[in-house]
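To start, the structure itself, in structure tokens.
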Amino acid sequence: MSTKPIDTESFSDHLRGKGIDVLSQKILITNYAGSLQEEDLAEPANCKGFGRIRHFKHKRNQNWPVNPLPILPVAKALNLHVTDSIRAQVFQNAVCNWRCWYCFVDFKLLSGDKRYSEFLTCDDLVDLYLDQENIPKVIDLTGGQPDLTPEWVPWMMECLTNRGLADDVFLWSDDNLSNDYFWRFLTPQQIQTVADYKMYARVCCFKGIDEESFSLNTLAAPELFNTQFDLFRRFHQLGLDLYGYITLTASTTTNFEYAIPKFLDKIQNIHENLPLRIVPLEITEFKPVVSRIKEVHTDAMAGQYKAAAIWTNELNRRFNPELLNQDITEIII
């Protein structure tokens, strides 16, 4: 494992150049054919290899907090009965500026390599989405890092609106809080489109509980750990239907009793209720991960269970039972 951190700013700029054609409004989209990621899919890749169906499951591991995302936001927006799982149509952009060791995507699918990807417009993607049976009610724009190509979200919103689908399809996207491209490259009108779009929610993923675990997880410079909070604050200020993930993988020698409360303090400096909209993600081994795992990563996977226990205890200490028992979509922020 390299000891030199990723130069996030220059790497982001390089990959954005490979990942978007602004004039043609095209995004470089991953094709899963022949990838290790394809072997992990519950169903074969669809949409001519450029899409996959993801089954989001509202299940609880006995030793892990429940993950209601995006099931509850989807059910609320579409006025659906809440079920234990939903199907979503996933499209994945082909660039990412960090290299999280636990990522379920082959690294070769994150570098803008046109052997495994192709430039497509949002109309191309929606055509592929509609040309199937049992069409999911959710489109998930993921990566990679979608916010290297932040135009993708408002372009998709405009496409769905033009196709008469804006009230019938829920749009879900994620980002890794690594750059300010959302504000740097979108026009004020595009930002307002995202802020006003009714059938949309965004989840931002925090990559660790402190500088050390963040750098271990991402290979990025540890000082960028705090940048995540600044970016999350800016999204919160837009009034989005906003959620968070956090990966708790950290060395078992971490002082979790200190690190977890400090992390939550930073989140509550944005809004006191925001910890209740952040969901810890349990890290497990997918096929692309196996060859990357070293002793330090095995230790971090063990550490996440210590962290999860303290995370739950801290929430119980900070919030009353009424708030703790509310659906994540009903937490006012």
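Just remember, in the structure tokens the first chain shown is A, the second B, etc., residues are 1-based per chain, and ligands are 1-based in the order shown.
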Legend entry - For segment 199-206 of chain A: contacts at 6 Å, only C-alpha atoms, fewer than 5 positions along chain excluded, given as a VMD selection string: chain A and resid 170 to 176 241 to 246
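Using only C-alpha atoms, the protein and nucleic acid residues lying no more than 8 Å from Pro154 of chain A, apart from those fewer than 6 places from it along its own chain, are Gln190, Ile191, Thr193 and Val194 of chain A.
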File of the preceding selection, N, CA, C and O atoms, as an mmCIF file, in the first residue's frame:
data_model
loop_
_atom_site.group_PDB
_atom_site.id
_atom_site.type_symbol
_atom_site.label_atom_id
_atom_site.label_comp_id
_atom_site.auth_asym_id
_atom_site.auth_seq_id
_atom_site.Cartn_x
_atom_site.Cartn_y
_atom_site.Cartn_z
ATOM 1 N N GLN A 190 -28.828 25.428 -12.336
ATOM 2 C CA GLN A 190 -28.735 23.976 -12.123
ATOM 3 C C GLN A 190 -28.784 23.642 -10.634
ATOM 4 O O GLN A 190 -29.434 22.666 -10.229
ATOM 5 N N ILE A 191 -28.104 24.426 -9.824
ATOM 6 C CA ILE A 191 -28.148 24.202 -8.377
ATOM 7 C C ILE A 191 -29.573 24.350 -7.867
ATOM 8 O O ILE A 191 -30.045 23.542 -7.045
ATOM 9 N N THR A 193 -32.284 23.871 -9.613
ATOM 10 C CA THR A 193 -33.029 22.703 -10.099
ATOM 11 C C THR A 193 -32.893 21.535 -9.136
ATOM 12 O O THR A 193 -33.875 20.870 -8.786
ATOM 13 N N VAL A 194 -31.670 21.288 -8.687
ATOM 14 C CA VAL A 194 -31.431 20.187 -7.743
ATOM 15 C C VAL A 194 -32.140 20.467 -6.419
ATOM 16 O O VAL A 194 -32.786 19.575 -5.843
#
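Residues within 12 Å of Gln326 of chain A, counting only C-alpha atoms and excluding same-chain residues fewer than 3 positions away, are A:Pro68, A:Leu72, A:Asn273, A:Leu276, A:Arg277, A:Phe319, A:Asn320, A:Pro321, A:Glu322, A:Leu323, A:Thr329, A:Glu330, A:Ile331, A:Ile332.
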Please identify the strand (DSSP E) residues within segment 99-177 of chain A (assignment by DSSP from backbone atoms) and present them as a tab-separated table (two decimals) with N, CA, C and O atoms, in the first residue's frame.
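Writing done, so here's selection_6.tsv:
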chain	number	residue	atom	x	y	z
A	117	SER	N	-16.19	1.34	-20.39
A	117	SER	CA	-17.17	2.41	-20.23
A	117	SER	C	-17.44	3.07	-21.58
A	117	SER	O	-16.73	2.83	-22.55
A	118	GLU	N	-18.47	3.91	-21.58
A	118	GLU	CA	-18.84	4.60	-22.81
A	118	GLU	C	-19.56	5.89	-22.46
A	118	GLU	O	-20.27	5.96	-21.45
A	119	PHE	N	-19.39	6.92	-23.28
A	119	PHE	CA	-20.11	8.16	-23.07
A	119	PHE	C	-21.58	7.99	-23.48
A	119	PHE	O	-21.87	7.59	-24.61
A	120	LEU	N	-22.49	8.33	-22.55
A	120	LEU	CA	-23.93	8.26	-22.82
A	120	LEU	C	-24.60	9.52	-22.29
A	120	LEU	O	-24.18	10.09	-21.28
A	121	THR	N	-25.66	9.94	-22.95
A	121	THR	CA	-26.48	11.03	-22.44
A	121	THR	C	-27.51	10.49	-21.45
A	121	THR	O	-27.75	9.27	-21.39
A	138	VAL	N	-37.05	3.58	-8.97
A	138	VAL	CA	-35.92	4.35	-8.47
A	138	VAL	C	-34.78	4.28	-9.48
A	138	VAL	O	-34.44	3.20	-9.98
A	139	ILE	N	-34.18	5.44	-9.77
A	139	ILE	CA	-32.92	5.50	-10.51
A	139	ILE	C	-31.86	5.99	-9.53
A	139	ILE	O	-32.00	7.02	-8.89
A	140	ASP	N	-30.79	5.23	-9.43
A	140	ASP	CA	-29.69	5.51	-8.51
A	140	ASP	C	-28.46	5.89	-9.33
A	140	ASP	O	-27.93	5.07	-10.08
A	141	LEU	N	-28.02	7.13	-9.18
A	141	LEU	CA	-26.81	7.60	-9.86
A	141	LEU	C	-25.65	7.48	-8.88
A	141	LEU	O	-25.58	8.19	-7.87
A	142	THR	N	-24.74	6.57	-9.19
A	142	THR	CA	-23.68	6.26	-8.25
A	142	THR	C	-22.34	6.21	-8.97
A	142	THR	O	-22.22	6.60	-10.12
A	170	PHE	N	-38.22	8.13	-8.63
A	170	PHE	CA	-37.44	8.76	-7.57
A	170	PHE	C	-35.96	8.69	-7.94
A	170	PHE	O	-35.46	7.65	-8.35
A	171	LEU	N	-35.28	9.81	-7.79
A	171	LEU	CA	-33.86	9.90	-8.14
A	171	LEU	C	-33.03	9.96	-6.86
A	171	LEU	O	-33.28	10.79	-5.98
A	172	TRP	N	-32.05	9.08	-6.76
A	172	TRP	CA	-31.19	8.94	-5.59
A	172	TRP	C	-29.75	9.04	-6.06
A	172	TRP	O	-29.38	8.43	-7.06
A	173	SER	N	-28.94	9.85	-5.39
A	173	SER	CA	-27.53	9.91	-5.77
A	173	SER	C	-26.66	10.00	-4.53
A	173	SER	O	-27.13	10.36	-3.44
A	174	ASP	N	-25.39	9.65	-4.70
A	174	ASP	CA	-24.45	9.68	-3.58
A	174	ASP	C	-23.20	10.42	-3.99
A	174	ASP	O	-22.96	10.67	-5.17
A	175	ASP	N	-22.41	10.81	-3.00
A	175	ASP	CA	-21.09	11.35	-3.29
A	175	ASP	C	-20.20	11.15	-2.08
A	175	ASP	O	-20.68	10.87	-0.98
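With only C-alpha atoms as the atoms that count, the minimum distance from Ile278 of chain A to the choices A:Val95, A:Met301, A:Leu240, A:Val66 is reached by A:Val66.
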Inset, instruction - Output as a ChimeraX atom specification all residues of segment 165-325 of chain A that backbone DSSP marks as alpha helix (DSSP H). - result: /A:181-185,188-196,211-218,224-237,256-268,287-290,295-318,321-324
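With only C-alpha atoms taken into account, the protein and nucleic acid residues at most 10 Å from Thr284 of chain A (excluding it and anything under 6 positions from it in its own chain) are A:Tyr102, A:Cys103, A:Phe104, A:Val290, A:Met301.
One distance worth recording is that between atom CA of Pro150 of chain A and atom CA of Leu186 of chain A, which is 7.1 Å.
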